[in-house]
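*Asks:* After the structure tokens below, expect a handful of questions from me.
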Number of protein chains: 4
Amino acid sequence: MPRERREQLILDVAGQVFAGAGFGSASMDEIADRAGVSKPMLYTYFGSKEGLYLAYIDRAGGELLERLVAARAPDPTPASMLRARITEFLSFVEEHGDGWRVLFQELASIRPFAEQVADMRERIAAAIQRMVEDGCPGYPPPAADAIAHALVGAGESLANWWLDHPEIPRAQVVVWYYDVVQAVVSGPGRPTAP
Amino acid sequence: MPRERREQLILDVAGQVFAGAGFGSASMDEIADRAGVSKPMLYTYFGSKEGLYLAYIDRAGGELLERLVAARAPDPTPASMLRARITEFLSFVEEHGDGWRVLFQELASIRPFAEQVADMRERIAAAIQRMVEDGCPGYPPPAADAIAHALVGAGESLANWWLDHPEIPRAQVVVWYYDVVQAVVSGPGRPTAP
Amino acid sequence: MPRERREQLILDVAGQVFAGAGFGSASMDEIADRAGVSKPMLYTYFGSKEGLYLAYIDRAGGELLERLVAARAPDPTPASMLRARITEFLSFVEEHGDGWRVLFQELASIRPFAEQVADMRERIAAAIQRMVEDGCPGYPPPAADAIAHALVGAGESLANWWLDHPEIPRAQVVVWYYDVVQAVVSGPGRPTAP
Amino acid sequence: MPRERREQLILDVAGQVFAGAGFGSASMDEIADRAGVSKPMLYTYFGSKEGLYLAYIDRAGGELLERLVAARAPDPTPASMLRARITEFLSFVEEHGDGWRVLFQELASIRPFAEQVADMRERIAAAIQRMVEDGCPGYPPPAADAIAHALVGAGESLANWWLDHPEIPRAQVVVWYYDVVQAVVSGPGRPTAP
DNA sequence: TATGAATGAGCATTCATTCAT
DNA sequence: GATGAATGAATGCTCATTCAT
């Protein structure tokens with residue numbers, strides 16, 4: 001099996017384990033076993049437990065980012081784009097529950113990773129921020145940043161809620177989230193600058 | 001030192017350590033050292049690492065809930081109440097960053113705690129949901145639930161963002177969050193039933 | 001409750017625990033709990049875990065010895081005496097299974113107790129030896145000593161077997177043991193001097 | 001060093017430690033140190049402290065059984081066979097004092113092992129019982145069982161006594177034990193059925 | 001006298017990590 | 001490149017023991 005494919009396989013398994021147990025409680029032994037590789041191979045490929053974790057963050061976050069950026073809408077109006085991106089975002093959650101969990105339900109503030117994880121979240125937040133600004137530009141910076149984060153959080157939370165209510169179709173969740181974002185961006189109680 | 005006070009002291013320290021390292025990576029040794037007590041005492045008081053963690057969740061979550069419920073507004077209009085509760089919520093984040101972090105940035109999905117932590121988050125979400133419905137009742141249930149979670153998430157995320165921007169005064173963050181909630185609850189793009 | 005009575009109560013409980021778990025695995029906590037006294041009291045009375053163990057050995061062994069010595073037979077023939085003593089011995093096993101177990105099923109050779117436990121067993125063996133010699137004097141010393149130990153061991157083992165077959169009446173076991181001793185002491189294959 | 005040899009080495013050391021301190025008081029640290037291996041290796045090989053203990057019981061008991069079964073006599077008379085087996089039995093005690101001690105001086109009744117240790121002792125007793133019945137068949141079952149246990153106990157005890165009197169040559173002890181068994185099996189006071 | 005409260009020392013166990021092969 | 005075998009260091013936890021009250 002070529003190295004690239006094996007790496008991907010290992011990352012898949014690592015995601016499951018990290019999502020299920022948290023970084024600290026996850027064990028390299030379990031990852032190696034479940035991936036069907038030897039432990040030294042984990043180290044050859046990823047250097048350390050942290051390295052493996054970060055590699056996973058990287059892949060999951062990278063894919064999410066890419067999808068957000070690459071989202072294509074039927075027409076180029078901002079509203080349409082927004083809806084397309086939201087759809088993309090929720091598709092990612094649907095397809096990669098583990099990635100989502102590791103990325104947003106865990107170690108965001110844990111010492112050794114704060115930086116890198118925060119960075120990844122920052123970039124995702126920035127992407128959403130841009131997507132908000134595309135919809136309605138002109139916020140003063142700090143408010144825009146704060147509101148963007150709030151909207152990201154709304155998305156995260158909605159996504160987590162959805163993981164517990166899989167019977168709701170994605171389209172419905174997209175609509176809800178879209179409505180929330182629209183309301184915030186264009187609503188009468190338009191956020192105030194500091 | 002009376003037992004009660006020592007328990008509180010230990011919980012304070014445990015919060016710092018859990019917030020900083022995550023449950024799995026936190027060590028009872030470190031908690032004991034930092035709290036200036038012996039390890040056996042931790043076990044006499046809390047039974048196990050899990051027991052200590054849950055005791056902390058309980059205290060932090062309990063206090064947050066209490067404050068949300070007890071919030072008093074200058075006048076009894078829903079808008080005023082909403083603002084009062086948001087203020088209370090953000091005060092909690094300000095005063096108990098650790099509690100907030102442990103409660104909302106970590107083990108939400110980690111196996112042994114899923115239930116208890118999720119329960120606590122659920123009750124907090126329900127409290128916020130009620131606070132939203134007070135502001136504008138009449139959503140169809142699933143949408144209301146989903147939107148409430150989205151708003152909780154917006155609040156969480158805004159709170160986390162604020163932890164990284166302490167120079168922003170609380171009042172400002174209250175306004176932003178209030179605006180978001182108002183926009184969603186009363187905005188023109190009012191969420192659609194499924 | 002007077003000290004003397006409490007000591008006896010503690011020793012009873014200690015016997016149960018030691019018999020059930022072995023010296024090393026027994027816990028002072030459990031003994032204190034089960035006896036309904038505080039742990040410091042155990043230490044006030046017996047000084048240490050070893051002290052408690054030895055006190056128990058002492059009491060159990062002492063009682064067994066006393067009973068062997070004090071056994072009274074209907075008539076003073078050696079055979080009758082032997083039978084009386086065997087009856088006494090098996091009565092002790094019947095009444096004090098724990099004492100028996102601690103005394104003869106456990107720590108005979110464990111470092112810190114070798115001496116004292118061995119001493120107690122030695123004295124019991126000597127008592128049985130005397131009881132054998134009464135029945136048929138004149139063995140040369142080393143053989144007599146060895147044979148006496150063998151007979152003690154036969155008794156121990158028979159007693160242990162009996163603990164697992166409580167449906168057999170004591171009288172029957174007495175007869176068997178008596179027969180064995182008689183056979184050895186007076187049999188044609190009378191033990192040879194070295 | 002190949003695994004098999006290291007396992008044997010570890011078992012040797014474990015035997016010394018278990019024999020010297022008892023199961024509960026023995027420490028994995030000490031075993032690892034004395035065997036010159038790391039503690040994790042003990043766990044890789046034997047799984048747990050109990051696993052190590054049982055492995056030792058198995059090896060020691062297995063060897064004793066094998067020797068009893070495989071004993072070869074100069075001529076095939078029962079008496080000769082009996083003597084050969086007794087010699088084998090005492091050779092084992094002489095060569096493997098630790099095994100003997102662990103097998104018969106300790107945890108016979110300790111909760112977690114009762115079963116396995118008792119089973120091993122049972123099989124050894126059965127072997128001796130068979131060896132007795134070969135010498136003189138036809139006992140009624142319960143008496144035969146009881147008497148066989150008594151004879152095993154006599155052997156155990158004699159063996160223990162011998163451990164404390166190493167100046168006595170094995171041949172002499174064989175004779176004594178043989179005489180005892182002979183006397184019991186064929187003596188005039190032949191055991192009575194219940 | 002009697003104990004609740006406390007702990008130093010040690011336990012069995014597991015982990016991330018590394019080398020010889 | 002790949003791994004079986006190995007371990008130093010730490011983990012959660014418990015124990016016999018003591019002291020202030």
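Following the order of the structure tokens, first chain is A, next is B, and so on, with residues numbered from 1 inside each chain and ligands from 1 in the order they appear.
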Which residues are near F:DA6? Cut-off 9 Å, only C-alpha atoms (C1' of nucleotides), ignore same chain within fewer than 4 positions. Put them as number ranges by chain.

*Replies:* D: 38, 40-41; E: 18-19

*Asks:* Neighbours of F:DC13 within 12 Å (only C-alpha atoms (C1' of nucleotides); same-chain residues fewer than 3 positions away dropped), as a PyMOL selection string?

*Replies:* (chain B and resi 28-29+39-44+47-49) or (chain E and resi 10-13)

*Asks:* What residues in chain E lie within 12 Å of chain C, counting only C-alpha atoms (C1' of nucleotides), written as a PDB file with C-alpha atoms (C1' of nucleotides), in the first residue's frame?

*Replies:*
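Written file, result23.pdb:
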```pdb
ATOM      1  C1'  DT E   1     -10.248   7.644  75.592  1.00  0.00           C
ATOM      2  C1'  DA E   2     -11.418   8.037  70.877  1.00  0.00           C
ATOM      3  C1'  DT E   3     -11.556   9.915  66.216  1.00  0.00           C
ATOM      4  C1'  DG E   4     -11.985  12.801  61.803  1.00  0.00           C
ATOM      5  C1'  DA E   5      -8.875  14.328  58.930  1.00  0.00           C
ATOM      6  C1'  DC E  11       0.907   0.126  44.541  1.00  0.00           C
TER       7       DC E  11
END
```

*Asks:* For D:Val180, list every protein, DNA or RNA residue within 12 Å, evaluated using only C-alpha atoms (C1' of nucleotides), and leave out those in the same chain fewer than 2 positions away; present the list as a PyMOL selection string.

*Replies:* (chain C and resi 143-144+146-151+153-154+180-192) or (chain D and resi 82-83+86+132+147+150-155+158+173-178+182-187)

*Asks:* Grab the residues selected above and save them as a CSV table (one decimal), in the first residue's frame with N, CA and C atoms.

*Replies:*
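Saved file selection.csv follows:
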```csv
chain,number,residue,atom,x,y,z
C,143,ALA,N,13.1,-39.1,64.1
C,143,ALA,CA,11.9,-39.7,63.4
C,143,ALA,C,10.6,-39.3,64.1
C,144,ALA,N,10.7,-39.3,65.4
C,144,ALA,CA,9.4,-38.9,66.1
C,144,ALA,C,9.0,-37.5,65.7
C,146,ALA,N,9.7,-35.9,63.0
C,146,ALA,CA,9.2,-35.9,61.6
C,146,ALA,C,7.8,-36.5,61.5
C,147,ILE,N,7.7,-37.6,62.2
C,147,ILE,CA,6.4,-38.3,62.1
C,147,ILE,C,5.3,-37.5,62.7
C,148,ALA,N,5.6,-36.8,63.8
C,148,ALA,CA,4.6,-36.0,64.4
C,148,ALA,C,4.2,-34.9,63.5
C,149,HIS,N,5.1,-34.3,62.8
C,149,HIS,CA,4.8,-33.2,61.8
C,149,HIS,C,3.9,-33.8,60.7
C,150,ALA,N,4.3,-35.0,60.3
C,150,ALA,CA,3.5,-35.6,59.2
C,150,ALA,C,2.0,-35.8,59.7
C,151,LEU,N,1.9,-36.2,60.9
C,151,LEU,CA,0.5,-36.5,61.5
C,151,LEU,C,-0.2,-35.1,61.6
C,153,GLY,N,0.2,-32.6,59.8
C,153,GLY,CA,-0.1,-32.2,58.5
C,153,GLY,C,-1.3,-33.0,58.0
C,154,ALA,N,-1.4,-34.3,58.3
C,154,ALA,CA,-2.5,-35.1,57.9
C,154,ALA,C,-3.8,-34.5,58.6
C,180,VAL,N,-5.9,-43.1,61.3
C,180,VAL,CA,-4.6,-42.8,60.7
C,180,VAL,C,-3.5,-42.8,61.7
C,181,VAL,N,-3.8,-42.0,62.8
C,181,VAL,CA,-2.7,-41.9,63.8
C,181,VAL,C,-2.4,-43.2,64.4
C,182,GLN,N,-3.4,-44.0,64.7
C,182,GLN,CA,-3.2,-45.3,65.2
C,182,GLN,C,-2.3,-46.2,64.3
C,183,ALA,N,-2.7,-46.1,63.0
C,183,ALA,CA,-2.0,-47.0,62.0
C,183,ALA,C,-0.5,-46.6,62.0
C,184,VAL,N,-0.3,-45.3,62.0
C,184,VAL,CA,1.1,-44.8,61.9
C,184,VAL,C,1.9,-45.2,63.2
C,185,VAL,N,1.2,-44.9,64.3
C,185,VAL,CA,1.9,-45.1,65.5
C,185,VAL,C,2.2,-46.6,65.8
C,186,SER,N,1.3,-47.4,65.5
C,186,SER,CA,1.4,-48.8,65.9
C,186,SER,C,1.5,-49.8,64.8
C,187,GLY,N,1.4,-49.3,63.6
C,187,GLY,CA,1.4,-50.2,62.4
C,187,GLY,C,2.7,-51.0,62.3
C,188,PRO,N,2.6,-52.0,61.4
C,188,PRO,CA,3.8,-52.9,61.2
C,188,PRO,C,4.9,-52.1,60.6
C,189,GLY,N,4.6,-51.2,59.7
C,189,GLY,CA,5.6,-50.5,59.0
C,189,GLY,C,6.1,-49.3,59.9
C,190,ARG,N,6.4,-49.7,61.1
C,190,ARG,CA,6.7,-48.6,62.1
C,190,ARG,C,7.9,-47.8,61.7
C,191,PRO,N,7.8,-46.5,61.7
C,191,PRO,CA,8.9,-45.7,61.2
C,191,PRO,C,10.3,-46.0,61.7
C,192,THR,N,11.2,-45.9,60.8
C,192,THR,CA,12.6,-46.3,61.0
C,192,THR,C,13.4,-45.2,61.5
D,82,LEU,N,5.2,-46.8,44.7
D,82,LEU,CA,4.9,-45.8,45.7
D,82,LEU,C,6.2,-45.1,46.1
D,83,ARG,N,7.2,-45.9,46.4
D,83,ARG,CA,8.4,-45.3,46.8
D,83,ARG,C,9.0,-44.4,45.8
D,86,ILE,N,7.1,-41.1,45.8
D,86,ILE,CA,7.5,-40.3,47.0
D,86,ILE,C,8.8,-39.7,46.8
D,132,VAL,N,-2.1,-44.0,46.1
D,132,VAL,CA,-2.5,-44.8,47.3
D,132,VAL,C,-3.3,-46.0,46.9
D,147,ILE,N,-9.0,-39.9,53.3
D,147,ILE,CA,-7.7,-40.4,53.7
D,147,ILE,C,-6.6,-40.0,52.7
D,150,ALA,N,-5.6,-36.6,53.7
D,150,ALA,CA,-4.8,-36.7,55.0
D,150,ALA,C,-3.4,-37.1,54.6
D,151,LEU,N,-3.2,-38.0,53.7
D,151,LEU,CA,-1.9,-38.4,53.4
D,151,LEU,C,-1.1,-37.3,52.6
D,152,VAL,N,-1.9,-36.6,51.7
D,152,VAL,CA,-1.2,-35.5,51.0
D,152,VAL,C,-0.8,-34.5,52.1
D,153,GLY,N,-1.6,-34.2,53.1
D,153,GLY,CA,-1.3,-33.2,54.1
D,153,GLY,C,-0.1,-33.7,54.9
D,154,ALA,N,0.0,-35.0,55.2
D,154,ALA,CA,1.1,-35.6,55.9
D,154,ALA,C,2.4,-35.3,55.0
D,155,GLY,N,2.3,-35.5,53.8
D,155,GLY,CA,3.4,-35.3,52.9
D,155,GLY,C,3.8,-33.8,52.9
D,158,LEU,N,5.4,-33.0,56.2
D,158,LEU,CA,6.7,-33.6,56.3
D,158,LEU,C,7.7,-32.8,55.4
D,173,VAL,N,13.8,-39.2,54.5
D,173,VAL,CA,12.5,-38.7,54.5
D,173,VAL,C,11.6,-39.6,53.6
D,174,VAL,N,12.1,-40.0,52.5
D,174,VAL,CA,11.3,-40.9,51.7
D,174,VAL,C,10.9,-42.1,52.5
D,175,VAL,N,11.8,-42.7,53.2
D,175,VAL,CA,11.4,-43.9,54.0
D,175,VAL,C,10.3,-43.5,55.0
D,176,TRP,N,10.5,-42.4,55.7
D,176,TRP,CA,9.5,-42.1,56.7
D,176,TRP,C,8.1,-41.9,56.1
D,177,TYR,N,8.1,-41.2,55.0
D,177,TYR,CA,6.8,-40.9,54.4
D,177,TYR,C,6.2,-42.2,53.8
D,178,TYR,N,7.1,-43.0,53.3
D,178,TYR,CA,6.6,-44.3,52.7
D,178,TYR,C,6.0,-45.2,53.9
D,182,GLN,N,2.2,-46.5,54.0
D,182,GLN,CA,2.0,-47.9,54.1
D,182,GLN,C,1.2,-48.3,55.3
D,183,ALA,N,1.6,-47.7,56.4
D,183,ALA,CA,0.8,-48.0,57.7
D,183,ALA,C,-0.6,-47.6,57.5
D,184,VAL,N,-0.9,-46.5,56.9
D,184,VAL,CA,-2.3,-46.0,56.8
D,184,VAL,C,-3.0,-47.0,55.9
D,185,VAL,N,-2.4,-47.3,54.8
D,185,VAL,CA,-3.1,-48.0,53.7
D,185,VAL,C,-3.3,-49.5,54.1
D,186,SER,N,-2.4,-50.0,54.8
D,186,SER,CA,-2.5,-51.4,55.1
D,186,SER,C,-2.6,-51.8,56.6
D,187,GLY,N,-2.5,-50.7,57.4
D,187,GLY,CA,-2.4,-51.0,58.8
D,187,GLY,C,-3.7,-51.7,59.4
```

*Asks:* Set the cut-off to 12 Å and count only C-alpha atoms (C1' of nucleotides): what are the residues of chain F that reach chain B? Output as a list in words.

*Replies:* DA10, DT11, DG12, DC13, DT14 and DC15 of chain F

*Asks:* Would you mind exporting the chosen residues as a tab-separated table (two decimals), in the first residue's frame, restricted to N, CA and C atoms (P, O5', C5', C4', C3', O3' and C1' of nucleotides)?

*Replies:*
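So the final result, stored in result.tsv, reads:
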```tsv
chain	number	residue	atom	x	y	z
F	10	DA	P	8.17	12.11	34.35
F	10	DA	O5'	6.67	11.83	34.75
F	10	DA	C5'	5.78	11.92	33.69
F	10	DA	C4'	4.62	11.01	33.83
F	10	DA	C3'	3.74	11.33	35.03
F	10	DA	O3'	2.56	11.92	34.53
F	10	DA	C1'	3.99	8.98	34.69
F	11	DT	P	1.57	12.51	35.53
F	11	DT	O5'	0.39	11.45	35.50
F	11	DT	C5'	-0.01	10.85	34.26
F	11	DT	C4'	-0.99	9.74	34.57
F	11	DT	C3'	-1.83	10.06	35.80
F	11	DT	O3'	-3.17	10.30	35.41
F	11	DT	C1'	-0.94	7.84	35.90
F	12	DG	P	-4.01	11.09	36.49
F	12	DG	O5'	-4.77	9.87	37.12
F	12	DG	C5'	-5.54	9.01	36.28
F	12	DG	C4'	-5.99	7.81	37.07
F	12	DG	C3'	-6.83	8.14	38.30
F	12	DG	O3'	-7.83	7.14	38.41
F	12	DG	C1'	-4.88	7.02	38.98
F	13	DC	P	-8.89	7.32	39.59
F	13	DC	O5'	-8.20	6.53	40.77
F	13	DC	C5'	-7.89	5.14	40.57
F	13	DC	C4'	-7.11	4.61	41.76
F	13	DC	C3'	-7.76	4.84	43.12
F	13	DC	O3'	-8.24	3.57	43.57
F	13	DC	C1'	-5.40	5.15	43.18
F	14	DT	P	-8.99	3.49	44.94
F	14	DT	O5'	-7.86	2.98	45.93
F	14	DT	C5'	-6.94	2.02	45.45
F	14	DT	C4'	-6.08	1.54	46.60
F	14	DT	C3'	-6.76	1.55	47.96
F	14	DT	O3'	-6.34	0.35	48.62
F	14	DT	C1'	-4.82	2.89	48.05
F	15	DC	P	-6.93	-0.03	49.98
F	15	DC	O5'	-5.64	-0.01	50.92
F	15	DC	C5'	-4.41	-0.50	50.39
F	15	DC	C4'	-3.31	-0.18	51.34
F	15	DC	C3'	-3.77	-0.17	52.79
F	15	DC	O3'	-3.02	-1.11	53.52
F	15	DC	C1'	-2.62	1.86	52.26
```
